[in-house]
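Below: final-v6.csv (CSV, N, CA, C and O atoms)
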```
chain,number,residue,atom,x,y,z
A,1,MET,N,-0.3,-34.8,-6.6
A,1,MET,CA,-0.7,-34.2,-5.4
A,1,MET,C,-1.6,-33.0,-5.7
A,1,MET,O,-1.2,-32.1,-6.5
A,2,ARG,N,-2.7,-32.9,-5.1
A,2,ARG,CA,-3.7,-31.9,-5.4
A,2,ARG,C,-3.5,-30.7,-4.4
A,2,ARG,O,-3.4,-30.9,-3.2
A,3,LYS,N,-3.4,-29.5,-4.9
A,3,LYS,CA,-3.3,-28.4,-4.0
A,3,LYS,C,-4.7,-27.8,-3.7
A,3,LYS,O,-5.5,-27.7,-4.5
A,4,ASN,N,-4.9,-27.6,-2.4
A,4,ASN,CA,-6.2,-27.0,-1.9
A,4,ASN,C,-6.0,-25.5,-1.8
A,4,ASN,O,-5.3,-25.0,-1.0
A,5,ARG,N,-6.7,-24.8,-2.7
A,5,ARG,CA,-6.7,-23.3,-2.7
A,5,ARG,C,-8.1,-22.8,-2.6
A,5,ARG,O,-9.0,-23.4,-3.2
A,6,SER,N,-8.3,-21.8,-1.9
A,6,SER,CA,-9.6,-21.2,-1.9
A,6,SER,C,-9.9,-20.4,-3.2
A,6,SER,O,-9.0,-20.2,-4.0
A,7,LYS,N,-11.1,-20.1,-3.4
A,7,LYS,CA,-11.5,-19.3,-4.6
A,7,LYS,C,-10.8,-18.0,-4.6
A,7,LYS,O,-10.4,-17.5,-5.7
A,8,THR,N,-10.7,-17.4,-3.5
A,8,THR,CA,-10.0,-16.1,-3.4
A,8,THR,C,-8.5,-16.2,-3.8
A,8,THR,O,-8.0,-15.4,-4.6
A,9,GLN,N,-7.8,-17.2,-3.3
A,9,GLN,CA,-6.4,-17.5,-3.7
A,9,GLN,C,-6.3,-17.7,-5.2
A,9,GLN,O,-5.4,-17.2,-5.9
A,10,ASN,N,-7.2,-18.5,-5.8
A,10,ASN,CA,-7.2,-18.8,-7.2
A,10,ASN,C,-7.4,-17.5,-8.0
A,10,ASN,O,-6.8,-17.3,-9.0
A,11,ARG,N,-8.4,-16.7,-7.6
A,11,ARG,CA,-8.6,-15.4,-8.3
A,11,ARG,C,-7.4,-14.5,-8.3
A,11,ARG,O,-7.0,-13.9,-9.3
A,12,LYS,N,-6.8,-14.4,-7.1
A,12,LYS,CA,-5.6,-13.6,-7.0
A,12,LYS,C,-4.4,-14.1,-7.9
A,12,LYS,O,-3.8,-13.4,-8.6
A,13,LEU,N,-4.2,-15.4,-7.9
A,13,LEU,CA,-3.2,-16.0,-8.7
A,13,LEU,C,-3.5,-15.8,-10.2
A,13,LEU,O,-2.6,-15.4,-11.0
A,14,ASN,N,-4.8,-15.9,-10.6
A,14,ASN,CA,-5.2,-15.7,-12.0
A,14,ASN,C,-4.9,-14.2,-12.4
A,14,ASN,O,-4.4,-14.0,-13.5
A,15,LYS,N,-5.2,-13.3,-11.5
A,15,LYS,CA,-5.0,-11.9,-11.8
A,15,LYS,C,-3.5,-11.6,-11.9
A,15,LYS,O,-3.1,-10.9,-12.8
A,16,GLU,N,-2.7,-12.2,-11.0
A,16,GLU,CA,-1.2,-12.0,-11.1
A,16,GLU,C,-0.7,-12.6,-12.4
A,16,GLU,O,0.2,-12.0,-13.1
A,17,LEU,N,-1.2,-13.7,-12.9
A,17,LEU,CA,-0.7,-14.3,-14.1
A,17,LEU,C,-1.1,-13.5,-15.3
A,17,LEU,O,-0.4,-13.3,-16.2
A,18,LEU,N,-2.3,-12.9,-15.3
A,18,LEU,CA,-2.8,-12.1,-16.3
A,18,LEU,C,-2.0,-10.8,-16.4
A,18,LEU,O,-1.6,-10.4,-17.5
A,19,VAL,N,-1.7,-10.2,-15.3
A,19,VAL,CA,-0.9,-9.0,-15.2
A,19,VAL,C,0.5,-9.2,-15.8
A,19,VAL,O,1.0,-8.5,-16.6
A,20,GLU,N,1.1,-10.3,-15.4
A,20,GLU,CA,2.4,-10.7,-15.9
A,20,GLU,C,2.4,-11.0,-17.4
A,20,GLU,O,3.3,-10.5,-18.1
A,21,SER,N,1.4,-11.7,-17.9
A,21,SER,CA,1.4,-12.1,-19.3
A,21,SER,C,1.1,-10.9,-20.2
A,21,SER,O,1.6,-10.9,-21.3
A,22,LEU,N,0.3,-10.0,-19.8
A,22,LEU,CA,-0.1,-8.9,-20.6
A,22,LEU,C,0.8,-7.7,-20.4
A,22,LEU,O,0.7,-6.6,-21.0
A,23,LYS,N,1.8,-7.8,-19.4
A,23,LYS,CA,2.7,-6.7,-19.1
A,23,LYS,C,2.0,-5.4,-18.7
A,23,LYS,O,2.4,-4.3,-19.0
A,24,LEU,N,0.9,-5.6,-17.9
A,24,LEU,CA,0.2,-4.5,-17.4
A,24,LEU,C,0.8,-4.0,-16.1
A,24,LEU,O,1.4,-4.8,-15.3
A,25,PRO,N,0.7,-2.7,-15.7
A,25,PRO,CA,1.3,-2.3,-14.5
A,25,PRO,C,0.5,-2.9,-13.3
A,25,PRO,O,-0.7,-2.7,-13.2
A,26,GLY,N,1.2,-3.6,-12.4
A,26,GLY,CA,0.6,-4.3,-11.3
A,26,GLY,C,-0.1,-3.4,-10.3
A,26,GLY,O,-1.1,-3.7,-9.8
A,27,ASP,N,0.4,-2.1,-10.1
A,27,ASP,CA,-0.2,-1.2,-9.2
A,27,ASP,C,-1.6,-0.9,-9.6
A,27,ASP,O,-2.6,-0.7,-8.8
A,28,VAL,N,-1.8,-0.7,-10.9
A,28,VAL,CA,-3.1,-0.3,-11.5
A,28,VAL,C,-4.1,-1.5,-11.4
A,28,VAL,O,-5.2,-1.4,-10.9
A,29,VAL,N,-3.7,-2.7,-11.8
A,29,VAL,CA,-4.6,-3.8,-11.9
A,29,VAL,C,-4.9,-4.4,-10.5
A,29,VAL,O,-6.0,-4.7,-10.1
A,30,MET,N,-3.8,-4.5,-9.7
A,30,MET,CA,-4.0,-5.2,-8.4
A,30,MET,C,-4.3,-4.2,-7.3
A,30,MET,O,-4.6,-4.6,-6.2
A,31,GLY,N,-4.3,-2.9,-7.6
A,31,GLY,CA,-4.6,-2.0,-6.5
A,31,GLY,C,-3.5,-1.9,-5.4
A,31,GLY,O,-3.8,-1.5,-4.3
A,32,ALA,N,-2.3,-2.2,-5.8
A,32,ALA,CA,-1.2,-2.2,-4.8
A,32,ALA,C,-0.8,-0.8,-4.5
A,32,ALA,O,-0.9,0.2,-5.3
A,33,PHE,N,-0.2,-0.6,-3.3
A,33,PHE,CA,0.3,0.6,-2.9
A,33,PHE,C,1.5,1.0,-3.8
A,33,PHE,O,2.3,0.1,-4.2
A,34,VAL,N,1.7,2.2,-4.1
A,34,VAL,CA,2.9,2.7,-4.7
A,34,VAL,C,3.5,3.7,-3.7
A,34,VAL,O,2.9,4.7,-3.3
A,35,VAL,N,4.7,3.4,-3.2
A,35,VAL,CA,5.4,4.2,-2.2
A,35,VAL,C,6.7,4.7,-2.8
A,35,VAL,O,7.5,3.9,-3.2
A,36,THR,N,6.8,6.0,-2.8
A,36,THR,CA,8.1,6.6,-3.2
A,36,THR,C,8.6,7.4,-2.0
A,36,THR,O,7.9,8.3,-1.5
A,37,MET,N,9.9,7.1,-1.7
A,37,MET,CA,10.5,7.8,-0.5
A,37,MET,C,11.7,8.6,-0.9
A,37,MET,O,12.4,8.2,-1.8
A,38,THR,N,11.9,9.7,-0.3
A,38,THR,CA,13.1,10.5,-0.4
A,38,THR,C,13.8,10.4,1.0
A,38,THR,O,13.4,11.0,1.9
A,39,GLY,N,14.8,9.5,1.0
A,39,GLY,CA,15.5,9.3,2.3
A,39,GLY,C,14.5,8.8,3.3
A,39,GLY,O,13.6,8.0,3.0
A,40,ASN,N,14.7,9.3,4.5
A,40,ASN,CA,13.7,8.9,5.6
A,40,ASN,C,12.9,10.1,6.0
A,40,ASN,O,12.3,10.1,7.1
A,41,ARG,N,12.8,11.1,5.2
A,41,ARG,CA,12.0,12.3,5.5
A,41,ARG,C,10.7,12.5,4.8
A,41,ARG,O,9.8,13.1,5.4
A,42,ASP,N,10.5,12.0,3.6
A,42,ASP,CA,9.3,12.2,2.9
A,42,ASP,C,8.9,10.9,2.2
A,42,ASP,O,9.7,10.1,1.7
A,43,ALA,N,7.5,10.6,2.2
A,43,ALA,CA,7.0,9.5,1.5
A,43,ALA,C,5.7,9.9,0.7
A,43,ALA,O,4.9,10.6,1.3
A,44,TRP,N,5.6,9.5,-0.5
A,44,TRP,CA,4.4,9.7,-1.3
A,44,TRP,C,3.8,8.4,-1.5
A,44,TRP,O,4.4,7.4,-1.9
A,45,ILE,N,2.5,8.3,-1.2
A,45,ILE,CA,1.8,7.1,-1.3
A,45,ILE,C,0.6,7.2,-2.2
A,45,ILE,O,-0.2,8.1,-2.1
A,46,GLU,N,0.5,6.2,-3.1
A,46,GLU,CA,-0.6,6.2,-4.1
A,46,GLU,C,-1.4,4.9,-3.8
A,46,GLU,O,-0.9,3.9,-3.3
A,47,ASN,N,-2.7,4.9,-4.2
A,47,ASN,CA,-3.6,3.7,-4.1
A,47,ASN,C,-3.9,3.3,-2.7
A,47,ASN,O,-4.1,2.2,-2.4
A,48,TYR,N,-4.1,4.3,-1.8
A,48,TYR,CA,-4.5,4.0,-0.5
A,48,TYR,C,-6.0,4.1,-0.4
A,48,TYR,O,-6.6,4.8,-1.2
A,49,ARG,N,-6.7,3.4,0.5
A,49,ARG,CA,-8.1,3.4,0.6
A,49,ARG,C,-8.6,4.3,1.7
A,49,ARG,O,-9.7,4.8,1.7
A,50,GLY,N,-7.8,4.4,2.8
A,50,GLY,CA,-8.3,5.2,3.9
A,50,GLY,C,-7.2,5.3,5.0
A,50,GLY,O,-6.2,4.6,5.0
A,51,ILE,N,-7.4,6.2,5.9
A,51,ILE,CA,-6.5,6.4,7.0
A,51,ILE,C,-7.1,5.8,8.3
A,51,ILE,O,-8.2,6.1,8.7
A,52,LEU,N,-6.4,4.8,8.8
A,52,LEU,CA,-6.9,4.0,10.0
A,52,LEU,C,-6.4,4.6,11.3
A,52,LEU,O,-7.1,4.6,12.3
A,53,GLU,N,-5.2,5.1,11.3
A,53,GLU,CA,-4.6,5.7,12.5
A,53,GLU,C,-3.6,6.8,12.1
A,53,GLU,O,-2.9,6.7,11.1
A,54,TYR,N,-3.7,7.9,12.9
A,54,TYR,CA,-2.9,9.1,12.5
A,54,TYR,C,-2.4,9.8,13.8
A,54,TYR,O,-3.2,10.4,14.5
A,55,THR,N,-1.1,9.5,14.2
A,55,THR,CA,-0.5,10.2,15.3
A,55,THR,C,0.8,10.8,14.8
A,55,THR,O,1.2,10.5,13.7
A,56,ASP,N,1.5,11.5,15.7
A,56,ASP,CA,2.9,11.9,15.3
A,56,ASP,C,3.9,10.9,15.3
A,56,ASP,O,5.0,11.1,14.8
A,57,THR,N,3.5,9.6,15.7
A,57,THR,CA,4.5,8.5,15.7
A,57,THR,C,4.1,7.3,14.8
A,57,THR,O,4.9,6.5,14.5
A,58,VAL,N,2.8,7.3,14.5
A,58,VAL,CA,2.3,6.2,13.6
A,58,VAL,C,1.2,6.7,12.6
A,58,VAL,O,0.3,7.5,13.0
A,59,ILE,N,1.4,6.3,11.4
A,59,ILE,CA,0.4,6.5,10.4
A,59,ILE,C,0.1,5.2,9.7
A,59,ILE,O,1.0,4.6,9.1
A,60,LEU,N,-1.2,4.7,9.9
A,60,LEU,CA,-1.6,3.4,9.4
A,60,LEU,C,-2.6,3.6,8.3
A,60,LEU,O,-3.6,4.3,8.5
A,61,LEU,N,-2.3,3.1,7.1
A,61,LEU,CA,-3.2,3.3,6.0
A,61,LEU,C,-3.8,1.9,5.5
A,61,LEU,O,-3.1,0.9,5.6
A,62,GLN,N,-5.0,2.0,5.0
A,62,GLN,CA,-5.7,0.8,4.5
A,62,GLN,C,-5.5,0.8,2.9
A,62,GLN,O,-5.7,1.8,2.3
A,63,GLY,N,-5.1,-0.3,2.4
A,63,GLY,CA,-5.0,-0.5,1.0
A,63,GLY,C,-6.1,-1.5,0.5
A,63,GLY,O,-7.0,-1.9,1.3
A,64,LYS,N,-6.1,-1.9,-0.7
A,64,LYS,CA,-7.0,-2.8,-1.2
A,64,LYS,C,-6.9,-4.2,-0.6
A,64,LYS,O,-7.9,-4.9,-0.3
A,65,THR,N,-5.6,-4.7,-0.5
A,65,THR,CA,-5.4,-6.0,0.0
A,65,THR,C,-4.6,-6.1,1.3
A,65,THR,O,-4.5,-7.2,1.9
A,66,CYS,N,-4.1,-5.0,1.8
A,66,CYS,CA,-3.3,-5.0,3.0
A,66,CYS,C,-3.3,-3.6,3.6
A,66,CYS,O,-3.9,-2.7,3.1
A,67,GLN,N,-2.6,-3.5,4.7
A,67,GLN,CA,-2.4,-2.2,5.4
A,67,GLN,C,-0.9,-1.9,5.3
A,67,GLN,O,0.0,-2.8,5.3
A,68,ILE,N,-0.5,-0.6,5.4
A,68,ILE,CA,0.8,-0.1,5.5
A,68,ILE,C,1.0,0.8,6.7
A,68,ILE,O,0.1,1.6,6.9
A,69,CYS,N,2.1,0.6,7.4
A,69,CYS,CA,2.3,1.3,8.6
A,69,CYS,C,3.6,2.1,8.6
A,69,CYS,O,4.6,1.5,8.4
A,70,PHE,N,3.5,3.4,8.8
A,70,PHE,CA,4.7,4.2,8.9
A,70,PHE,C,4.9,4.6,10.3
A,70,PHE,O,4.0,5.0,11.0
A,71,GLN,N,6.1,4.3,10.8
A,71,GLN,CA,6.5,4.6,12.2
A,71,GLN,C,7.6,5.6,12.2
A,71,GLN,O,8.6,5.5,11.4
A,72,GLY,N,7.6,6.5,13.2
A,72,GLY,CA,8.8,7.4,13.3
A,72,GLY,C,8.4,8.5,14.3
A,72,GLY,O,7.7,8.3,15.3
A,73,THR,N,9.0,9.7,14.1
A,73,THR,CA,8.8,10.8,15.0
A,73,THR,C,8.4,12.0,14.1
A,73,THR,O,8.8,12.2,13.0
A,74,ASP,N,7.6,12.9,14.7
A,74,ASP,CA,7.1,14.1,14.1
A,74,ASP,C,6.5,13.9,12.7
A,74,ASP,O,6.6,14.6,11.8
A,75,LEU,N,5.7,12.7,12.6
A,75,LEU,CA,5.1,12.4,11.3
A,75,LEU,C,3.9,13.3,11.1
A,75,LEU,O,3.1,13.6,12.1
A,76,SER,N,3.7,13.7,9.9
A,76,SER,CA,2.5,14.5,9.5
A,76,SER,C,2.1,14.1,8.1
A,76,SER,O,2.9,13.8,7.3
A,77,ILE,N,0.8,14.3,7.8
A,77,ILE,CA,0.3,14.2,6.5
A,77,ILE,C,0.3,15.6,5.9
A,77,ILE,O,-0.5,16.4,6.4
A,78,ASP,N,1.1,15.9,5.0
A,78,ASP,CA,1.2,17.2,4.4
A,78,ASP,C,0.0,17.5,3.5
A,78,ASP,O,-0.5,18.6,3.5
A,79,TYR,N,-0.4,16.5,2.7
A,79,TYR,CA,-1.6,16.7,1.9
A,79,TYR,C,-2.1,15.3,1.6
A,79,TYR,O,-1.4,14.3,1.7
A,80,TYR,N,-3.4,15.2,1.3
A,80,TYR,CA,-4.0,14.0,0.8
A,80,TYR,C,-5.2,14.3,-0.2
A,80,TYR,O,-5.8,15.3,0.0
A,81,THR,N,-5.3,13.4,-1.1
A,81,THR,CA,-6.5,13.4,-2.0
A,81,THR,C,-7.1,12.0,-2.0
A,81,THR,O,-6.6,11.2,-1.3
A,82,ASN,N,-8.0,11.8,-2.9
A,82,ASN,CA,-8.6,10.4,-3.0
A,82,ASN,C,-7.6,9.5,-3.6
A,82,ASN,O,-7.8,8.3,-3.5
A,83,GLU,N,-6.6,10.0,-4.2
A,83,GLU,CA,-5.6,9.1,-4.9
A,83,GLU,C,-4.2,9.0,-4.3
A,83,GLU,O,-3.6,8.0,-4.4
A,84,ASP,N,-3.8,10.1,-3.7
A,84,ASP,CA,-2.4,10.0,-3.1
A,84,ASP,C,-2.3,10.9,-1.9
A,84,ASP,O,-3.2,11.7,-1.6
A,85,MET,N,-1.1,10.8,-1.2
A,85,MET,CA,-0.8,11.6,-0.1
A,85,MET,C,0.7,11.7,0.1
A,85,MET,O,1.5,10.9,-0.5
A,86,LYS,N,1.1,12.7,0.9
A,86,LYS,CA,2.5,12.9,1.2
A,86,LYS,C,2.6,12.9,2.7
A,86,LYS,O,1.9,13.6,3.4
A,87,ILE,N,3.5,12.1,3.2
A,87,ILE,CA,3.8,12.0,4.7
A,87,ILE,C,5.2,12.5,4.8
A,87,ILE,O,6.2,12.2,4.1
A,88,SER,N,5.4,13.3,5.9
A,88,SER,CA,6.8,13.8,6.2
A,88,SER,C,7.0,13.7,7.7
A,88,SER,O,6.1,13.5,8.5
A,89,GLY,N,8.3,13.8,8.0
A,89,GLY,CA,8.8,13.6,9.4
A,89,GLY,C,10.0,12.7,9.3
A,89,GLY,O,10.6,12.5,8.3
A,90,CYS,N,10.4,12.2,10.5
A,90,CYS,CA,11.5,11.2,10.5
A,90,CYS,C,10.9,9.8,10.5
A,90,CYS,O,10.5,9.3,11.5
A,91,ILE,N,10.9,9.2,9.3
A,91,ILE,CA,10.3,7.9,9.1
A,91,ILE,C,11.4,6.8,9.5
A,91,ILE,O,12.5,6.7,8.9
A,92,LYS,N,11.1,6.0,10.5
A,92,LYS,CA,12.0,5.0,11.0
A,92,LYS,C,11.7,3.6,10.5
A,92,LYS,O,12.6,2.8,10.3
A,93,SER,N,10.4,3.4,10.1
A,93,SER,CA,10.1,2.0,9.6
A,93,SER,C,8.8,2.1,8.7
A,93,SER,O,8.0,2.9,9.0
A,94,VAL,N,8.8,1.2,7.8
A,94,VAL,CA,7.6,1.1,6.9
A,94,VAL,C,7.3,-0.4,6.9
A,94,VAL,O,8.2,-1.2,6.6
A,95,SER,N,6.1,-0.8,7.3
A,95,SER,CA,5.8,-2.3,7.3
A,95,SER,C,4.4,-2.5,6.7
A,95,SER,O,3.5,-1.6,6.8
A,96,TYR,N,4.3,-3.6,6.1
A,96,TYR,CA,3.0,-4.1,5.4
A,96,TYR,C,2.4,-5.1,6.3
A,96,TYR,O,3.1,-6.0,6.8
A,97,LEU,N,1.1,-4.9,6.6
A,97,LEU,CA,0.4,-5.8,7.6
A,97,LEU,C,-0.7,-6.5,6.8
A,97,LEU,O,-1.2,-6.1,5.9
```
Show me the file's structure as structure tokens.
Amino acid sequence: MRKNRSKTQNRKLNKELLVESLKLPGDVVMGAFVVTMTGNRDAWIENYRGILEYTDTVILLQGKTCQICFQGTDLSIDYYTNEDMKISGCIKSVSYL
């Protein structure tokens, strides 16, 4: 049985296999988000590409391959650089889109 994969899917699969076989950190090679949370009050995010939405209840970030959405109350971006940021407030959910 032949599997029909797009060129993009094949490239992604090849990258994942390379990362796994060489034991490289996936976040660096794949450009994946790195999210570190302290309870539901603080989140540190690395490898984001941009801020798509920013309110006190929703912060939506663009990554290389997907988006990440923080929902809660009294959310704020305490600081951000080109590489990382810190979000604080009462974080009720984190979802990848």
Quiz item: So what do you get for atom C of Leu75 (chain A) versus atom N of Thr57 (chain A), distance-wise?
Solution: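 Atom-to-atom, atom C of Leu75 (chain A) and atom N of Thr57 (chain A) are spaced 5.9 Å apart.
Put simply, CA of Tyr79 (chain A) is 11.2 Å away from CA of Ala43 (chain A).
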Exercise. Up to 6 Å from (15.0, 8.0, 7.5) in the file's coordinates: name the residues, counting all atoms listed in the file, as a list in words.
Key: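 Residues with an atom at most 6 Å from (15.0, 8.0, 7.5): Gly39, Asn40, Arg41, Cys90, Ile91 and Lys92 of chain A.
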Quiz item: Between atom N of Val34 (chain A) and atom N of Ser6 (chain A), what is the distance, to one decimal in Å?
Solution: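 Going from atom N of Val34 (chain A) over to atom N of Ser6 (chain A) covers 26.1 Å.
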Quiz item: When distances are computed from only N, CA, C and O atoms, which of A:Gly50, A:Trp44, A:Cys66, A:Thr36 shows the smallest separation from Met85 (chain A)?
Solution: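 Using only N, CA, C and O atoms, Met85 (chain A) sits closest to A:Trp44.
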Self-check item: Test item: residues at most 7 Å from Val94 (chain A), all atoms listed in the file, excluding those fewer than 3 positions along its chain, as a PyMOL selection string
Solution: chain A and resi 68-71+91
Quiz item: Could you write out, as a PyMOL selection string, all the residues of region 30-86 of chain A that DSSP marks as strand (DSSP E)?
Solution: chain A and resi 34-38+42-46+50-54+58-62+67-80+84-86
Exercise. Counting only C-alpha atoms, figure out which residue out of A:Ile45, A:Ile51, A:Ile87, A:Leu97 gets nearest to Gln67 (chain A).
Key: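 Looking at the shortest contact to Gln67 (chain A), the residue is A:Leu97.
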Exercise. Check the DSSP output for the backbone and give back, as a PyMOL selection string, the residues of region 25-78 of chain A in helix (DSSP H, G or I).
Key: chain A and resi 26-30
